[in-house]
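Asks: Here you go, this is model-v3.cif (mmCIF, C-alpha atoms (C1' of nucleotides)).
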```
data_run
loop_
_atom_site.label_atom_id
_atom_site.label_comp_id
_atom_site.auth_asym_id
_atom_site.auth_seq_id
_atom_site.Cartn_x
_atom_site.Cartn_y
_atom_site.Cartn_z
CA MET A 1 189.15 56.93 126.64
CA HIS A 2 190.72 57.35 123.25
CA GLU A 3 190.62 53.63 122.60
CA HIS A 4 187.05 53.45 123.69
CA HIS A 5 186.07 56.17 121.33
CA ASP A 6 187.83 54.45 118.42
CA HIS A 7 186.07 51.27 119.24
CA GLU A 8 182.74 53.01 119.20
CA HIS A 9 183.55 54.55 115.90
CA ASP A 10 184.47 51.24 114.32
CA HIS A 11 181.23 49.84 115.56
CA THR A 12 179.05 52.48 113.95
CA HIS A 13 181.22 52.27 110.83
CA ASP A 14 180.23 48.64 110.46
CA GLU A 15 176.61 49.46 111.08
CA ILE A 16 176.68 52.11 108.40
CA LYS A 17 178.18 49.68 105.91
CA GLU A 18 175.53 47.16 106.80
CA ALA A 19 172.77 49.72 106.42
CA VAL A 20 174.10 50.82 103.04
CA GLU A 21 174.06 47.21 101.90
CA HIS A 22 170.47 46.99 103.03
CA LEU A 23 169.62 50.05 100.97
CA LYS A 24 171.40 48.68 97.91
CA SER A 25 169.69 45.32 98.12
CA SER A 26 166.36 47.11 98.42
CA GLY A 27 167.10 48.99 95.22
CA VAL A 28 167.33 52.34 96.96
CA ARG A 29 169.72 54.85 95.44
CA ILE A 30 172.41 56.11 97.78
CA THR A 31 172.75 59.86 97.55
CA PRO A 32 175.00 62.06 99.69
CA GLN A 33 172.04 63.46 101.60
CA ARG A 34 170.58 60.03 102.14
CA HIS A 35 173.89 58.73 103.38
CA ALA A 36 174.29 61.65 105.75
CA VAL A 37 170.83 61.19 107.26
CA LEU A 38 171.51 57.51 107.74
CA GLU A 39 174.92 58.15 109.25
CA TYR A 40 173.50 60.68 111.65
CA LEU A 41 170.75 58.31 112.72
CA ILE A 42 173.24 55.56 113.46
CA GLU A 43 175.82 57.69 115.22
CA ALA A 44 173.43 59.88 117.19
CA GLU A 45 173.11 59.01 120.82
CA ILE A 46 169.74 60.69 120.91
CA HIS A 47 166.58 59.58 119.14
CA PRO A 48 166.34 62.57 116.84
CA THR A 49 163.35 64.33 115.35
CA ALA A 50 163.29 65.16 111.65
CA ASP A 51 164.20 68.69 112.59
CA ASP A 52 167.15 67.57 114.72
CA ILE A 53 168.51 65.79 111.68
CA TYR A 54 167.86 68.75 109.43
CA LYS A 55 169.65 71.14 111.79
CA ALA A 56 172.56 68.76 112.30
CA LEU A 57 173.18 68.46 108.58
CA GLU A 58 172.57 71.97 107.38
CA GLY A 59 176.25 72.78 107.90
CA LYS A 60 177.29 70.04 105.51
CA PHE A 61 174.32 70.50 103.15
CA PRO A 62 173.32 74.16 103.19
CA ASN A 63 170.74 73.62 100.47
CA MET A 64 169.11 70.53 101.81
CA SER A 65 165.36 70.70 102.19
CA VAL A 66 163.36 69.44 105.17
CA ALA A 67 161.34 67.52 102.64
CA THR A 68 164.45 65.51 101.84
CA VAL A 69 164.84 64.52 105.44
CA TYR A 70 161.22 63.44 105.64
CA ASN A 71 161.38 61.65 102.30
CA ASN A 72 164.43 59.69 103.29
CA LEU A 73 163.08 58.83 106.70
CA ARG A 74 160.03 57.42 104.97
CA VAL A 75 162.22 55.35 102.66
CA PHE A 76 164.21 54.03 105.62
CA LYS A 77 161.04 53.22 107.45
CA ASP A 78 159.55 51.41 104.47
CA ILE A 79 162.46 49.02 104.22
CA GLY A 80 162.54 48.55 107.98
CA LEU A 81 165.80 50.33 108.66
CA VAL A 82 164.36 52.81 111.14
CA LYS A 83 161.34 53.04 113.39
CA GLU A 84 159.19 56.07 113.95
CA LEU A 85 158.26 56.83 117.52
CA THR A 86 155.25 59.09 117.91
CA TYR A 87 154.27 61.00 120.97
CA GLY A 88 151.11 63.08 121.10
CA ASP A 89 151.68 66.73 120.46
CA ALA A 90 155.41 66.81 119.80
CA SER A 91 157.23 65.68 116.67
CA SER A 92 158.04 62.10 115.84
CA ARG A 93 161.40 60.68 116.79
CA PHE A 94 163.36 58.27 114.67
CA ASP A 95 165.23 55.28 115.92
CA TYR A 96 167.75 53.27 113.98
CA ASN A 97 166.68 49.66 114.20
CA THR A 98 169.55 47.71 115.65
CA THR A 99 168.58 44.99 118.03
CA LYS A 100 165.12 44.61 119.48
CA HIS A 101 164.66 46.88 122.43
CA TYR A 102 162.11 48.98 124.22
CA HIS A 103 162.25 52.58 125.41
CA VAL A 104 162.02 54.20 128.80
CA ILE A 105 160.98 57.83 128.48
CA CYS A 106 161.48 60.59 131.02
CA GLU A 107 158.26 62.54 131.48
CA SER A 108 160.16 65.49 132.86
CA CYS A 109 162.97 66.07 130.35
CA GLY A 110 161.98 63.80 127.47
CA LYS A 111 165.14 61.71 127.52
CA ILE A 112 164.76 58.29 125.90
CA VAL A 113 166.78 55.36 127.17
CA ASP A 114 166.99 51.96 125.50
CA PHE A 115 165.96 48.98 127.52
CA HIS A 116 166.30 45.32 126.62
CA TYR A 117 163.62 42.81 127.43
CA PRO A 118 162.61 39.54 125.81
CA SER A 119 159.93 40.35 123.26
CA LEU A 120 156.35 39.99 124.47
CA ASP A 121 155.41 37.07 122.26
CA GLU A 122 152.97 35.77 124.81
CA VAL A 123 150.88 38.92 124.74
CA GLU A 124 150.82 38.89 120.97
CA ALA A 125 149.74 35.27 120.92
CA LEU A 126 146.90 35.86 123.34
CA ALA A 127 145.73 38.91 121.44
CA GLU A 128 145.63 36.84 118.27
CA THR A 129 143.39 34.16 119.72
CA VAL A 130 141.12 36.54 121.59
CA THR A 131 140.57 39.14 118.86
CA GLY A 132 141.00 37.09 115.69
CA PHE A 133 143.53 39.61 114.41
CA GLU A 134 146.57 38.51 112.50
CA VAL A 135 149.19 40.20 114.65
CA SER A 136 152.25 41.72 113.02
CA HIS A 137 154.02 43.55 115.83
CA HIS A 138 153.57 45.55 118.99
CA ARG A 139 154.70 48.73 120.62
CA MET A 140 155.63 49.12 124.24
CA GLU A 141 157.11 52.02 126.14
CA ILE A 142 157.70 52.77 129.75
CA TYR A 143 157.28 56.23 131.22
CA GLY A 144 158.77 57.68 134.37
CA THR A 145 161.37 60.04 135.78
CA CYS A 146 165.05 59.68 134.96
CA PRO A 147 167.73 59.71 137.71
CA ASP A 148 168.86 63.26 136.79
CA CYS A 149 165.36 64.68 137.08
CA LYS A 150 164.70 62.75 140.27
CA GLU A 151 167.68 64.52 141.89
CA LYS A 152 166.56 67.96 140.80
CA HIS A 153 163.08 66.92 141.95
CA MET B 154 117.45 42.44 121.35
CA HIS B 155 115.34 45.13 122.88
CA GLU B 156 116.19 43.99 126.36
CA HIS B 157 119.82 43.79 125.52
CA HIS B 158 119.81 47.28 124.21
CA ASP B 159 118.11 48.58 127.33
CA HIS B 160 120.64 46.84 129.42
CA GLU B 161 123.43 48.46 127.50
CA HIS B 162 121.84 51.79 127.90
CA ASP B 163 121.49 51.39 131.64
CA HIS B 164 125.08 50.40 131.79
CA THR B 165 126.37 53.52 130.06
CA HIS B 166 123.88 55.56 132.03
CA ASP B 167 125.55 54.40 135.22
CA GLU B 168 128.95 55.13 133.82
CA ILE B 169 127.89 58.63 132.88
CA LYS B 170 126.56 59.25 136.37
CA GLU B 171 129.79 57.96 137.80
CA ALA B 172 131.86 60.14 135.52
CA VAL B 173 129.79 63.20 136.40
CA GLU B 174 130.41 62.50 140.07
CA HIS B 175 134.10 62.31 139.32
CA LEU B 176 133.92 65.71 137.62
CA LYS B 177 132.00 67.24 140.51
CA SER B 178 134.39 65.93 143.11
CA SER B 179 137.27 67.32 141.07
CA GLY B 180 135.64 70.72 141.14
CA VAL B 181 134.97 70.76 137.41
CA ARG B 182 131.90 72.62 136.29
CA ILE B 183 129.40 70.57 134.33
CA THR B 184 128.22 72.42 131.25
CA PRO B 185 125.95 71.06 128.53
CA GLN B 186 128.83 70.82 126.07
CA ARG B 187 131.04 69.12 128.58
CA HIS B 188 128.33 66.65 129.41
CA ALA B 189 127.72 65.91 125.76
CA VAL B 190 131.39 65.26 125.05
CA LEU B 191 131.62 62.95 128.02
CA GLU B 192 128.43 61.13 127.07
CA TYR B 193 129.65 60.63 123.54
CA LEU B 194 132.98 59.28 124.76
CA ILE B 195 131.29 56.78 127.00
CA GLU B 196 128.63 55.63 124.56
CA ALA B 197 130.78 55.60 121.44
CA GLU B 198 131.88 52.18 120.34
CA ILE B 199 134.79 53.74 118.49
CA HIS B 200 137.77 55.49 119.99
CA PRO B 201 136.99 58.90 118.55
CA THR B 202 139.26 61.72 117.47
CA ALA B 203 138.54 65.27 118.62
CA ASP B 204 137.06 65.91 115.22
CA ASP B 205 134.80 62.85 115.42
CA ILE B 206 133.37 64.26 118.61
CA TYR B 207 133.01 67.73 117.16
CA LYS B 208 131.16 66.39 114.12
CA ALA B 209 128.96 64.11 116.20
CA LEU B 210 127.81 66.98 118.38
CA GLU B 211 127.44 69.81 115.92
CA GLY B 212 123.83 68.84 115.33
CA LYS B 213 123.02 69.33 118.99
CA PHE B 214 125.39 72.28 119.48
CA PRO B 215 125.58 74.22 116.22
CA ASN B 216 127.73 76.89 117.80
CA MET B 217 130.17 74.69 119.60
CA SER B 218 133.81 75.38 118.87
CA VAL B 219 136.51 72.76 118.25
CA ALA B 220 138.43 74.48 121.00
CA THR B 221 135.72 73.44 123.42
CA VAL B 222 136.17 69.83 122.47
CA TYR B 223 139.92 70.06 122.94
CA ASN B 224 139.59 71.98 126.18
CA ASN B 225 137.23 69.46 127.66
CA LEU B 226 139.28 66.51 126.53
CA ARG B 227 142.25 68.08 128.28
CA VAL B 228 140.20 68.52 131.46
CA PHE B 229 139.03 64.91 131.30
CA LYS B 230 142.58 63.76 130.73
CA ASP B 231 143.91 65.81 133.65
CA ILE B 232 141.56 64.20 136.12
CA GLY B 233 142.20 60.74 134.67
CA LEU B 234 138.79 60.22 133.10
CA VAL B 235 140.07 59.62 129.58
CA LYS B 236 143.30 58.55 127.94
CA GLU B 237 144.81 60.04 124.82
CA LEU B 238 146.12 57.59 122.25
CA THR B 239 148.58 59.04 119.78
CA TYR B 240 149.54 57.58 116.46
CA GLY B 241 152.09 59.18 114.18
CA ASP B 242 150.68 61.36 111.47
CA ALA B 243 146.97 61.04 112.23
CA SER B 244 145.05 62.73 115.02
CA SER B 245 144.92 61.54 118.58
CA ARG B 246 142.15 59.26 119.68
CA PHE B 247 140.44 59.42 123.02
CA ASP B 248 139.48 56.50 125.15
CA TYR B 249 137.15 56.59 128.12
CA ASN B 250 138.99 54.95 130.98
CA THR B 251 136.94 52.06 132.22
CA THR B 252 138.96 49.09 133.23
CA LYS B 253 142.61 48.59 132.42
CA HIS B 254 143.03 47.23 128.94
CA TYR B 255 145.28 47.30 125.94
CA HIS B 256 144.49 47.94 122.29
CA VAL B 257 144.82 45.90 119.16
CA ILE B 258 144.93 48.13 116.09
CA CYS B 259 144.19 47.15 112.50
CA GLU B 260 146.90 48.44 110.19
CA SER B 261 144.58 48.22 107.24
CA CYS B 262 141.38 49.98 108.39
CA GLY B 263 142.47 51.58 111.66
CA LYS B 264 139.92 49.80 113.79
CA ILE B 265 140.83 49.64 117.49
CA VAL B 266 139.74 46.70 119.60
CA ASP B 267 140.08 46.45 123.37
CA PHE B 268 142.04 43.59 124.75
CA HIS B 269 142.45 42.55 128.36
CA TYR B 270 145.73 41.31 129.73
CA PRO B 271 147.26 41.38 133.18
CA SER B 272 149.29 44.55 133.44
CA LEU B 273 152.98 44.20 132.65
CA ASP B 274 154.27 44.94 136.13
CA GLU B 275 157.26 42.71 135.63
CA VAL B 276 158.53 44.73 132.71
CA GLU B 277 158.11 47.95 134.65
CA ALA B 278 160.00 46.51 137.61
CA LEU B 279 162.91 45.39 135.48
CA ALA B 280 163.07 48.71 133.71
CA GLU B 281 163.24 50.46 137.05
CA THR B 282 166.22 48.47 138.28
CA VAL B 283 168.09 48.54 134.99
CA THR B 284 167.65 52.20 134.11
CA GLY B 285 167.32 53.83 137.51
CA PHE B 286 164.12 55.53 136.37
CA GLU B 287 161.19 55.96 138.70
CA VAL B 288 158.55 54.32 136.53
CA SER B 289 155.02 55.72 136.50
CA HIS B 290 153.27 53.79 133.74
CA HIS B 291 153.64 52.15 130.37
CA ARG B 292 152.02 52.00 127.01
CA MET B 293 151.51 48.89 124.95
CA GLU B 294 149.68 48.29 121.71
CA ILE B 295 149.42 45.44 119.31
CA TYR B 296 149.24 45.91 115.56
CA GLY B 297 147.92 43.57 112.93
CA THR B 298 145.06 42.89 110.53
CA CYS B 299 141.50 42.53 111.73
CA PRO B 300 139.29 39.61 110.65
CA ASP B 301 137.26 41.78 108.24
CA CYS B 302 140.35 43.06 106.45
CA LYS B 303 141.87 39.59 106.36
CA GLU B 304 138.85 38.36 104.42
CA LYS B 305 138.95 41.19 101.92
CA HIS B 306 142.73 40.65 101.77
"C1'" DT C 307 179.45 58.67 74.67
"C1'" DT C 308 175.20 60.55 74.31
"C1'" DA C 309 170.25 60.23 74.84
"C1'" DT C 310 166.67 58.60 77.55
"C1'" DT C 311 164.57 57.50 81.50
"C1'" DA C 312 163.79 57.11 86.31
"C1'" DC C 313 164.49 58.67 90.63
"C1'" DA C 314 165.99 62.49 94.25
"C1'" DT C 315 166.19 66.91 95.74
"C1'" DT C 316 164.75 71.53 96.34
"C1'" DG C 317 161.73 75.34 97.50
"C1'" DT C 318 157.49 76.57 98.47
"C1'" DA C 319 152.76 76.31 99.28
"C1'" DA C 320 149.22 73.83 101.37
"C1'" DT C 321 147.15 70.91 104.80
"C1'" DC C 322 146.09 69.28 109.12
"C1'" DT C 323 145.99 69.13 114.04
"C1'" DT C 324 146.29 71.55 118.05
"C1'" DT C 325 146.90 75.66 120.95
"C1'" DA C 326 146.69 80.68 122.20
"C1'" DT C 327 144.10 84.73 122.69
"C1'" DA C 328 140.55 87.98 123.47
"C1'" DA C 329 135.78 88.79 123.76
"C1'" DT C 330 131.48 87.05 125.22
"C1'" DT C 331 128.50 84.16 127.78
"C1'" DA C 332 127.04 81.32 131.50
"C1'" DG C 333 127.40 79.43 136.20
"C1'" DT C 334 128.39 80.16 141.31
"C1'" DT C 335 128.64 82.53 145.36
"C1'" DT C 336 127.58 86.13 148.32
"C1'" DA D 337 120.61 90.53 141.87
"C1'" DA D 338 125.78 91.76 141.84
"C1'" DA D 339 130.24 90.28 141.61
"C1'" DC D 340 133.24 86.87 140.53
"C1'" DT D 341 135.00 82.89 138.26
"C1'" DA D 342 135.17 79.69 134.75
"C1'" DA D 343 133.71 78.01 130.09
"C1'" DT D 344 132.69 78.88 125.44
"C1'" DT D 345 133.26 80.89 121.10
"C1'" DA D 346 135.58 82.60 117.02
"C1'" DT D 347 139.55 83.36 115.09
"C1'" DA D 348 144.33 83.58 114.50
"C1'" DA D 349 148.65 81.37 115.01
"C1'" DA D 350 151.91 77.73 115.50
"C1'" DG D 351 154.08 73.56 114.38
"C1'" DA D 352 154.69 69.27 111.90
"C1'" DT D 353 154.20 67.01 107.82
"C1'" DT D 354 153.00 66.43 102.96
"C1'" DA D 355 152.06 67.75 98.05
"C1'" DC D 356 153.64 69.63 93.99
"C1'" DA D 357 156.22 71.43 90.25
"C1'" DA D 358 160.72 72.45 88.72
"C1'" DT D 359 165.34 71.20 88.65
"C1'" DG D 360 169.18 68.22 89.16
"C1'" DT D 361 171.54 63.81 89.20
"C1'" DA D 362 172.38 59.02 88.59
"C1'" DA D 363 171.52 54.65 85.84
"C1'" DT D 364 170.52 52.49 81.53
"C1'" DA D 365 170.10 51.86 76.63
"C1'" DA D 366 171.28 53.13 72.12
#
```
Could you take the file, read its structure, and then write that structure out as structure tokens?
Replies:
Amino acid sequence: MHEHHDHEHDHTHDEIKEAVEHLKSSGVRITPQRHAVLEYLIEAEIHPTADDIYKALEGKFPNMSVATVYNNLRVFKDIGLVKELTYGDASSRFDYNTTKHYHVICESCGKIVDFHYPSLDEVEALAETVTGFEVSHHRMEIYGTCPDCKEKH
Amino acid sequence: MHEHHDHEHDHTHDEIKEAVEHLKSSGVRITPQRHAVLEYLIEAEIHPTADDIYKALEGKFPNMSVATVYNNLRVFKDIGLVKELTYGDASSRFDYNTTKHYHVICESCGKIVDFHYPSLDEVEALAETVTGFEVSHHRMEIYGTCPDCKEKH
DNA sequence: TTATTACATTGTAATCTTTATAATTAGTTT
DNA sequence: AAACTAATTATAAAGATTACAATGTAATAA
């Protein structure tokens, strides 16, 4: 268990370094707050909302403003480091962009699970020819009930 | 042109009748406002926001409240007559549920174009086995630049 | 090193969308 | 028509996000 945890930690450590390089090469200044938001996004198991991030970091940065969280999330989004996931009424969730993956979302408890699937190039290609659009990307999510909620039924 | 227009009109007229039947059989009362919202949804070429609908109908119903629009959209959604499409910061858009289709969205002007494609059952099935979720549905959208915006580039 | 400049952060107010609530009105049923 | 139920209205409230002005901090040039 201990080894596993260390391994995990090393993994995210590398990802953070990589992300910081990405910021640097994009000419984005690396501030303590910015670094903390990024670190939280990478280490978090959940797909946090802006408020989740704000709450998680207010211990370390008692004076940090929500605006800072939003500003930095926008910066990260602009350079393609994170993705914003939007769902109707509730707040947006932010997802650190590692490998390509889709999401399966529990309609009962809101849990979001990653799910790998070869990208839907075919659909994009067809859309391009049929609509005349120049396609840049797509969004796909699957909704259902997670195992935990199924049990509680 | 005239004939074509008439034909279109007949078509939506049938759809409205059908939708009204659906409401009746669901035990939903048909009020003038409700009917107007439904009619607008079916006839509108665009995928309107709640505010679009409100603005479009305030001539006919000077005293109608935004709440009425939202209330009725919720009713329509609950009985499966319309779908809500949510995009990040902006307001939700509402789509009258005819046949199954996906959307292609212009990132430059926001235009939404319908696009038919066989439903992605395969992806749902894989997700089910891999995640243990009981899948109910999915959401898929394609983003890009529409022909008009490409020209203006 | 210091001055200058550019960018980030903070705190707060404002905006925007959506929902909640209570009072009124309209439709249904008996 | 009376009683009951549901829908509408008007308004207030909530919640998420952004705008803005002031302040702070890092990078660059002198």
Asks: If you apply the PyMOL selection byres ((chain C and resi 332) around 12) to this file, what residues do you get, as a VMD selection string?
Replies: (chain B and resid 182 to 186) or (chain C and resid 330 to 331 333 to 334) or (chain D and resid 341 to 344)
Asks: Could you state which residues are captured by the PyMOL selection byres ((chain A) within 12 of (chain D)) in this file, as a ChimeraX atom specification?
Replies: /A:27-32,49-51,66-71,74,86,88-93
Asks: Any chance you could dump chain A, least-squares fitted to chain B on all C-alpha atoms in order, as a short mmCIF file (atom, residue, chain, number, x, y, z; two decimals) with C-alpha atoms, in the coordinates of the input?
Replies:
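File out.cif, as written:
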```cif
data_model
loop_
_atom_site.label_atom_id
_atom_site.label_comp_id
_atom_site.auth_asym_id
_atom_site.auth_seq_id
_atom_site.Cartn_x
_atom_site.Cartn_y
_atom_site.Cartn_z
CA MET A 1 117.71 42.37 121.13
CA HIS A 2 115.59 45.06 122.69
CA GLU A 3 116.43 43.89 126.18
CA HIS A 4 120.07 43.75 125.34
CA HIS A 5 120.04 47.27 124.10
CA ASP A 6 118.30 48.50 127.26
CA HIS A 7 120.84 46.74 129.34
CA GLU A 8 123.64 48.40 127.47
CA HIS A 9 122.01 51.73 127.93
CA ASP A 10 121.64 51.29 131.67
CA HIS A 11 125.26 50.37 131.84
CA THR A 12 126.52 53.51 130.14
CA HIS A 13 124.01 55.53 132.17
CA ASP A 14 125.73 54.38 135.33
CA GLU A 15 129.12 55.12 133.88
CA ILE A 16 128.05 58.62 132.98
CA LYS A 17 126.78 59.23 136.50
CA GLU A 18 130.03 57.93 137.88
CA ALA A 19 132.05 60.13 135.55
CA VAL A 20 130.01 63.19 136.49
CA GLU A 21 130.70 62.47 140.14
CA HIS A 22 134.37 62.28 139.32
CA LEU A 23 134.19 65.68 137.65
CA LYS A 24 132.32 67.20 140.59
CA SER A 25 134.76 65.86 143.14
CA SER A 26 137.60 67.25 141.06
CA GLY A 27 135.98 70.67 141.17
CA VAL A 28 135.27 70.71 137.46
CA ARG A 29 132.17 72.60 136.38
CA ILE A 30 129.65 70.55 134.44
CA THR A 31 128.44 72.42 131.40
CA PRO A 32 126.10 71.09 128.71
CA GLN A 33 128.91 70.85 126.19
CA ARG A 34 131.18 69.14 128.66
CA HIS A 35 128.47 66.67 129.54
CA ALA A 36 127.79 65.93 125.90
CA VAL A 37 131.45 65.28 125.11
CA LEU A 38 131.70 62.98 128.08
CA GLU A 39 128.50 61.17 127.19
CA TYR A 40 129.66 60.66 123.64
CA LEU A 41 133.00 59.31 124.78
CA ILE A 42 131.34 56.79 127.06
CA GLU A 43 128.64 55.66 124.66
CA ALA A 44 130.74 55.60 121.50
CA GLU A 45 131.79 52.19 120.36
CA ILE A 46 134.67 53.73 118.48
CA HIS A 47 137.69 55.48 119.94
CA PRO A 48 136.90 58.89 118.52
CA THR A 49 139.15 61.71 117.41
CA ALA A 50 138.46 65.25 118.58
CA ASP A 51 136.93 65.89 115.20
CA ASP A 52 134.67 62.84 115.43
CA ILE A 53 133.30 64.25 118.66
CA TYR A 54 132.92 67.71 117.19
CA LYS A 55 131.01 66.40 114.17
CA ALA A 56 128.83 64.14 116.30
CA LEU A 57 127.74 67.00 118.52
CA GLU A 58 127.35 69.82 116.06
CA GLY A 59 123.70 68.86 115.55
CA LYS A 60 122.96 69.35 119.23
CA PHE A 61 125.36 72.29 119.67
CA PRO A 62 125.50 74.22 116.41
CA ASN A 63 127.69 76.90 117.93
CA MET A 64 130.16 74.71 119.69
CA SER A 65 133.79 75.38 118.90
CA VAL A 66 136.45 72.75 118.22
CA ALA A 67 138.45 74.48 120.90
CA THR A 68 135.79 73.46 123.39
CA VAL A 69 136.18 69.85 122.46
CA TYR A 70 139.94 70.05 122.84
CA ASN A 71 139.69 72.00 126.08
CA ASN A 72 137.35 69.50 127.62
CA LEU A 73 139.35 66.53 126.46
CA ARG A 74 142.35 68.08 128.17
CA VAL A 75 140.36 68.54 131.38
CA PHE A 76 139.19 64.92 131.24
CA LYS A 77 142.70 63.76 130.62
CA ASP A 78 144.10 65.80 133.50
CA ILE A 79 141.80 64.18 136.01
CA GLY A 80 142.40 60.75 134.52
CA LEU A 81 138.96 60.21 133.05
CA VAL A 82 140.16 59.63 129.50
CA LYS A 83 143.35 58.56 127.80
CA GLU A 84 144.82 60.03 124.67
CA LEU A 85 146.08 57.59 122.10
CA THR A 86 148.52 59.05 119.60
CA TYR A 87 149.49 57.59 116.30
CA GLY A 88 152.08 59.23 114.08
CA ASP A 89 150.61 61.35 111.36
CA ALA A 90 146.90 61.03 112.08
CA SER A 91 144.94 62.72 114.85
CA SER A 92 144.84 61.54 118.42
CA ARG A 93 142.07 59.25 119.56
CA PHE A 94 140.41 59.44 122.93
CA ASP A 95 139.48 56.52 125.08
CA TYR A 96 137.22 56.61 128.08
CA ASN A 97 139.10 54.98 130.92
CA THR A 98 137.00 52.14 132.20
CA THR A 99 138.91 49.08 133.19
CA LYS A 100 142.54 48.51 132.36
CA HIS A 101 142.91 47.19 128.87
CA TYR A 102 145.16 47.28 125.86
CA HIS A 103 144.39 47.92 122.20
CA VAL A 104 144.76 45.86 119.07
CA ILE A 105 144.89 48.09 116.01
CA CYS A 106 144.16 47.11 112.43
CA GLU A 107 146.89 48.42 110.14
CA SER A 108 144.60 48.18 107.16
CA CYS A 109 141.39 49.89 108.28
CA GLY A 110 142.42 51.51 111.55
CA LYS A 111 139.86 49.72 113.69
CA ILE A 112 140.76 49.58 117.39
CA VAL A 113 139.67 46.63 119.49
CA ASP A 114 139.98 46.40 123.26
CA PHE A 115 141.96 43.54 124.66
CA HIS A 116 142.32 42.50 128.28
CA TYR A 117 145.59 41.29 129.68
CA PRO A 118 147.06 41.37 133.17
CA SER A 119 149.07 44.57 133.45
CA LEU A 120 152.78 44.24 132.71
CA ASP A 121 154.01 44.98 136.20
CA GLU A 122 157.04 42.80 135.72
CA VAL A 123 158.33 44.84 132.82
CA GLU A 124 157.82 48.04 134.75
CA ALA A 125 159.67 46.65 137.73
CA LEU A 126 162.64 45.56 135.66
CA ALA A 127 162.79 48.89 133.88
CA GLU A 128 162.87 50.64 137.24
CA THR A 129 165.85 48.69 138.52
CA VAL A 130 167.78 48.78 135.26
CA THR A 131 167.31 52.45 134.36
CA GLY A 132 166.88 54.07 137.77
CA PHE A 133 163.68 55.72 136.58
CA GLU A 134 160.72 56.09 138.85
CA VAL A 135 158.14 54.42 136.64
CA SER A 136 154.61 55.77 136.54
CA HIS A 137 152.91 53.81 133.77
CA HIS A 138 153.37 52.18 130.40
CA ARG A 139 151.81 52.02 127.00
CA MET A 140 151.37 48.90 124.95
CA GLU A 141 149.57 48.29 121.69
CA ILE A 142 149.38 45.44 119.29
CA TYR A 143 149.22 45.92 115.54
CA GLY A 144 147.94 43.56 112.88
CA THR A 145 145.11 42.84 110.47
CA CYS A 146 141.53 42.47 111.64
CA PRO A 147 139.36 39.50 110.55
CA ASP A 148 137.33 41.67 108.12
CA CYS A 149 140.42 42.95 106.34
CA LYS A 150 141.97 39.50 106.29
CA GLU A 151 138.95 38.23 104.32
CA LYS A 152 139.08 41.04 101.80
CA HIS A 153 142.84 40.42 101.68
#
```
Asks: Under the rule that all atoms listed in the file are counted, which of B:Val173, B:Ile265, B:Met293, B:Val283 is the nearest residue to Ile199 of chain B?
Replies: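 Distance minimum relative to Ile199 of chain B lands on B:Ile265.
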Asks: Using 8 Å of padding on each side, determine the axis-aligned box around all atoms of segment 319-322 of chain C present in the file and give its centre and edge lengths in Å to one decimal, as AutoDock Vina command-line options.
Replies:
```
--center_x 149.4 --center_y 72.8 --center_z 104.2 --size_x 22.7 --size_y 23.0 --size_z 25.8
```
